[in-house]
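Report on the following structure.
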2 protein chains.
Amino acid sequence: MSMHLRDVATPALVLDRDLLARNTARMTDHVAARGLRLRPHMKTAKSIDVARYALAGNFGGITVSTLTEAEYFAGHGITDMLYAVSIVPDKLDRVAALLRRGVTATVIVDSPGVAAAIAAYGAARGMIFPVMIEIDVGEARGGVHPESKALMDVGEALRGADGARLCGVMAHAGQSYAARSIAGVAAIGADEARGAVLAAHRLRGAGLECPEVSVGSTPTALHGPVCDGVTEIRCGVYMFGDLFQAQIASCAIEDLAVSVLATVIGHRRDPNRIVIDAGALALSKDRSTAGMPLDAGFGLVLHETGEAPRALLRVDRVFQEHGVVEMPDPDLLAAFPIGTRVRVLPNHVCMTAAMYDRYHVVAGGDVLLDTWDRCNGWGTPAG
Amino acid sequence: MSMHLRDVATPALVLDRDLLARNTARMTDHVAARGLRLRPHMKTAKSIDVARYALAGNFGGITVSTLTEAEYFAGHGITDMLYAVSIVPDKLDRVAALLRRGVTATVIVDSPGVAAAIAAYGAARGMIFPVMIEIDVGEARGGVHPESKALMDVGEALRGADGARLCGVMAHAGQSYAARSIAGVAAIGADEARGAVLAAHRLRGAGLECPEVSVGSTPTALHGPVCDGVTEIRCGVYMFGDLFQAQIASCAIEDLAVSVLATVIGHRRDPNRIVIDAGALALSKDRSTAGMPLDAGFGLVLHETGEAPRALLRVDRVFQEHGVVEMPDPDLLAAFPIGTRVRVLPNHVCMTAAMYDRYHVVAGGDVLLDTWDRCNGWGTPAG
C-alpha cells in the first residue's frame with residue numbers, strides 16, 4: 001500500500017528523511033574534520049529513528065534534556081548519555097535506575113552541595129555516578145565561571161568520593177543565538193572552548209581527574225574555531241534546522257527538514273486572507289524571528305509540495321487552532337482555495353515539534369515512508 | 001497510600017480540584033441566571049474528568065476544538081458536541097464516524113462550497129450532518145458577516161439538503177480579549193449577541209430553519225448583556241483561569257486552578273537569581289501578559305504551597321528546559337535553595353496545559369488525589 005501525505009490528517013508534523021540525512025551527515029563530517037567527537041543532542045528530535053541518523057559515523061553517545069528522553073533512549077539501546085540539565089537530589093532515583101541498567105548516564109552539577117549529595121547518595125548504594133561540572137561561558141543560565149572559586153569548590157566536593165566520579169566539564173554557549181554574524185559566532189565559540197578548557201586545566205592543576213571537555217551549540221559547532229583541549233561537541237537543532245537558525249547562518253532555508261502540514265479552512269476577501277488549521281498549538285507561539293531580516297510571523301507558508309509561493313506568505317496571527325495568512329493580492333488568494341494543503345516552516349523547530357507525538361516521514365516530496373514516535377514531556381515513557 | 005505533591009517528578013501540571021469546582025459552578029450559575037444554556041468549551045481542559053465538573057448542572061453538550069477531542073469525549077459517553085473550527089471536506093470521514101456512533105457532532109461552515117460539499121457527502125451516504133453557520137462578529141478570523149450576502153449564500157447551499165441540516169448560527173467574539181475594561185467587554189458581548197441574532201433573523205426571514213443562536217467567550221459570557229434570541233453560551237478558559245484572564249476581569253488571581261510544579265535546580269548570586277526546571281516547554285512561550293499591568297514574564301512564581309512570596313517573582317527568561325527567575329534581594333534568594341519546589345501560574349493556561357499529558361489533581365494544598373489524562377494533539381485517541 002503506497003501512502004501519501006494527502007492521506008494524513010492535518011495539522012501534522014512532516015519530516016523529510018533526505019534532508020535529515022544530509023543535515024546529520026554534514027555535521028558529522030564537519031565535527032570529524034575538526035578532530036572531535038560528536039555527541040548529538042536529542043532535545044529537538046526526541047526520536048530513536050532520528051538518533052540513528054545523527055549517530056551514523058559517530059561514537060554512539062547522545063545528549064538528552066529530560067530524564068524521559070534518557071529512559072526512552074535507554075529503552076532503545078543507547079548506553080551512553082549526558083543529561084545536560086542540572087541534576088537535583090530528588091531526581092537521582094531515576095538516574096540510578098539507568099545506571100543499574102548498564103547505561104552510562106552522566107549528570108551535571110554547578111553546586112558543591114549537590115555534588116556532595118550525589119556522592120553520598122551513590123556511596124550509600126554502592127554506586128558511582130559519572131558527573132561533569134557545568135561551566136558558564138557567558139550565557140548566565142547555569143554553571144560556574146571558569147575562573148571562579150565555586151568551580152574548585154564543586155571539584156573538591158567530588159574529590160575521592162566513593163559514590164561519584166568527576167569525568168569532565170561541559171559548557172554551552174547559548175548566547176551564540178544572539179550573534180548576527182559568522183565572525184560573532186566564531187568569537188563566542190572561541191570563548192566557549194577557552195572557558196571549558198581553562199576550567200579543566202584548573203581542576204587538573206588541583207590534582208583532580210578531568211578527562212572530558214564537552215562544548216557546543218549548533219552555531220558554535222559549525223563556526224567555532226578548533227581549540228586544543230576540547231574533546232567533544234554537543235548540538236541538536238542542526239538535524240532539522242529552522243527559520244531562526246537559517247538567519248544566523250546555521251543552515252539554508254532549503255535545508256529545513258521539518259514542517260507542519262496544514263489545510264486551508266477559510267478564505268476571505270476584503271482584506272485577502274486565508275485561514276489554516278495550524279494555530280498556536282500546531283506551530284507554537286515562538287516568535288524568535290521577530291526583528292530578524294525575515295520576520296516569519298508564526299511560520300513561513302509554502303505549497304504542499306514544499307515549493308515557495310510567488311510572494312512571501314507567513315502565518316500572521318494565531319489562535320488556538322487557527323492561523324491567519326494575509327495574502328498580498330486576489331490572484332494569489334485564488335491559488336489557495338479551501339481544502340488546499342500547505343506546509344509551514346517553523347521559527348523554532350524545538351518548540352514546534354514538541355506539539356506533536358510523531359513525525360510523518362516523507363521522501364521524494366509527498367511519499368509517506370513511515371511514522372516515527374517522539375518522547376515528549378517529563379513522565380516515565382510507556383513500554 | 002496517601003500521596004503528596006512532594007512525590008511528583010517536576011515539571012508537572014497541577015490542578016486544584018476545589019478551585020475547579022468553584023470556577024465551574026460560578027459560570028454554570030451565572031449562565032443559568034441569564035436564562036441561557038451553557039455548552040462548555042473543552043479546548044483548554046481536554047479532559048473528561050474536568051468536563052464532569054463543567055457539565056454539572058448543565059444540559060450535557062460540549063464544544064470541542066479538534067476532532068481528537070470529539071473522538072475522545074465520544075469515547076467517554078458525551079453525545080452532543082459542537083466542533084467549533086471550520087470543517088473541510090477531507091475531515092468529514094471522522095465526523096461521519098461520530099454520527100454513526102450516535103453522537104450529535106455539529107460542524108460549522110462559512111463557505112457555500114463547503115456547505116454544499118457536506119450536503120452532497122451526507123446525501124451520498126444517507127446521513128444528515130448537523131451544521132451551524134459561523135458568524136463573524138468582529139474578530140475577523142472565521143465566519144461570514146451577519147449583514148452579508150455570503151451568509152445567505154451559505155444558507156441557500158443548505159436549503160432542502162438531504163445530507164445536511166441547518167441547525168443554527170454561532171459566533172465567538174475573541175476580540176473581547178483585547179478589551180481592557182468590563183464596559184468594553186460588555187459592549188463586545190452586545191455586538192456578539194446582536195450579530196448572531198441578526199444572522200439568525202435573516203436566515204429565518206428567507207424561510208430557513210435556524211433554531212440555535214450560540215455565542216460566547218469567557219469574558220463576554222461573564223460581562224455581556226442578556227440579549228433576546230441567544231440560546232446558548234460557549235466558553236472554556238473560565239474552568240481554570242490564568243494571569244491574562246485575571247487582568248481582563250474574568251477571574252481573580254486567587255481563582256487560578258492550574259499551575260506548574262517546578263524545582264529550583266540552580267542558585268546564583270551576582271546577580272541574585274534562581275534557575276527552575278520549567279522552561280519554554282513546561283510553560284510555553286506565551287507572553288500574553290506583556291504590556292499588561294502585571295507583566296508576569298513567562299509565569300508568576302509562588303511557593304510550593306501556593307502562597308505568594310513576599311516580593312513578586314516571575315520567570316524572566318526561558319530556555320527549552322530552564323527558567324530563570326531574577327531575585328530582588330539576597331534574603332529572598334536564600335529562601336529558595338536548590339531542591340525547593342515552586343508553583344508557576346501561567347499567562348495563558350490553554351498553551352501551558354497543552355504541554356502535558358495529564359493533570360496532578362490536588363485538594364487541600366498538596367494532597368494528591370488523582371491524575372487525570374488530557375487528549376492533546378490531532379491524531380485518533382488511543383483506546
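Going through the C-alpha cells in order, the chains are called A, B, and so on, while each chain numbers its residues from 1 and the ligands are numbered from 1 in the order shown.
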
Quick one: residues within 10 Å of Ile276 (chain A), only C-alpha atoms counted, chain neighbours fewer than 5 positions away excluded, as a short mmCIF file (atom, residue, chain, number, x, y, z; two decimals) with C-alpha atoms, in the first residue's frame?
```
data_model
loop_
_atom_site.label_atom_id
_atom_site.label_comp_id
_atom_site.auth_asym_id
_atom_site.auth_seq_id
_atom_site.Cartn_x
_atom_site.Cartn_y
_atom_site.Cartn_z
CA THR A 10 -3.88 17.93 9.44
CA PRO A 11 -2.24 19.56 11.25
CA LEU A 261 1.27 20.17 7.08
CA ALA A 262 -1.92 22.21 7.29
CA THR A 263 -5.18 22.69 5.41
CA VAL A 264 -6.82 25.89 4.24
CA ILE A 265 -10.10 26.01 6.20
CA GLY A 266 -11.16 29.58 5.46
CA HIS A 267 -10.93 32.01 2.58
CA VAL A 315 1.24 33.00 9.40
CA VAL A 318 -2.54 32.59 15.55
CA GLU A 321 -6.48 26.14 16.28
CA HIS A 322 -6.47 28.83 13.59
CA GLY A 323 -3.65 30.53 11.72
CA VAL A 324 -4.37 33.60 9.60
CA VAL A 325 -2.28 34.27 6.49
CA ILE A 338 -10.49 25.87 0.92
CA GLY A 339 -9.14 22.35 1.21
CA THR A 340 -5.71 23.22 -0.23
CA ARG A 341 -2.81 21.75 1.72
CA VAL A 342 0.17 23.89 2.70
CA SER B 86 -14.46 25.34 10.22
#
```

I'd like the neighbourhood of Lys43 (chain A) as a PyMOL selection string, where a residue qualifies if any of its atoms comes within 9 Å (using only C-alpha atoms), though same-chain residues fewer than 4 positions away should be ignored.
(chain A and resi 63-66+69+236-237+350) or (chain B and resi 320)

Using N, CA and C atoms, can you export the residues from the last selection as a compact mmCIF listing (two decimals), in the first residue's frame?
```txt
# COMPACT_ATOMS: atom_id res chain seq x y z
N THR A 63 23.27 13.30 23.93
CA THR A 63 22.91 14.26 24.97
C THR A 63 21.40 14.25 25.08
N VAL A 64 20.87 14.41 26.31
CA VAL A 64 19.42 14.49 26.49
C VAL A 64 19.10 15.67 27.39
N SER A 65 17.85 16.13 27.27
CA SER A 65 17.42 17.30 28.04
C SER A 65 16.41 16.96 29.12
N THR A 66 15.91 15.73 29.13
CA THR A 66 14.97 15.31 30.17
C THR A 66 15.30 13.87 30.56
N GLU A 69 13.59 11.54 28.09
CA GLU A 69 14.43 11.18 26.94
C GLU A 69 15.44 10.10 27.32
N GLY A 236 22.17 19.98 18.55
CA GLY A 236 20.97 19.23 18.25
C GLY A 236 20.09 19.77 17.12
N VAL A 237 19.88 21.09 17.11
CA VAL A 237 18.88 21.62 16.18
C VAL A 237 19.34 21.49 14.72
N CYS A 350 12.41 23.25 17.79
CA CYS A 350 12.34 22.56 19.09
C CYS A 350 10.96 22.77 19.72
N GLN B 320 14.86 25.93 26.69
CA GLN B 320 13.97 24.78 26.49
C GLN B 320 13.57 24.12 27.81
```

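Ranking B:Leu82, B:Ala179, B:Ala221, B:Ala96 by their shortest atom-to-atom distance to Val131 (chain B), with only C-alpha atoms included, puts B:Leu82 first.
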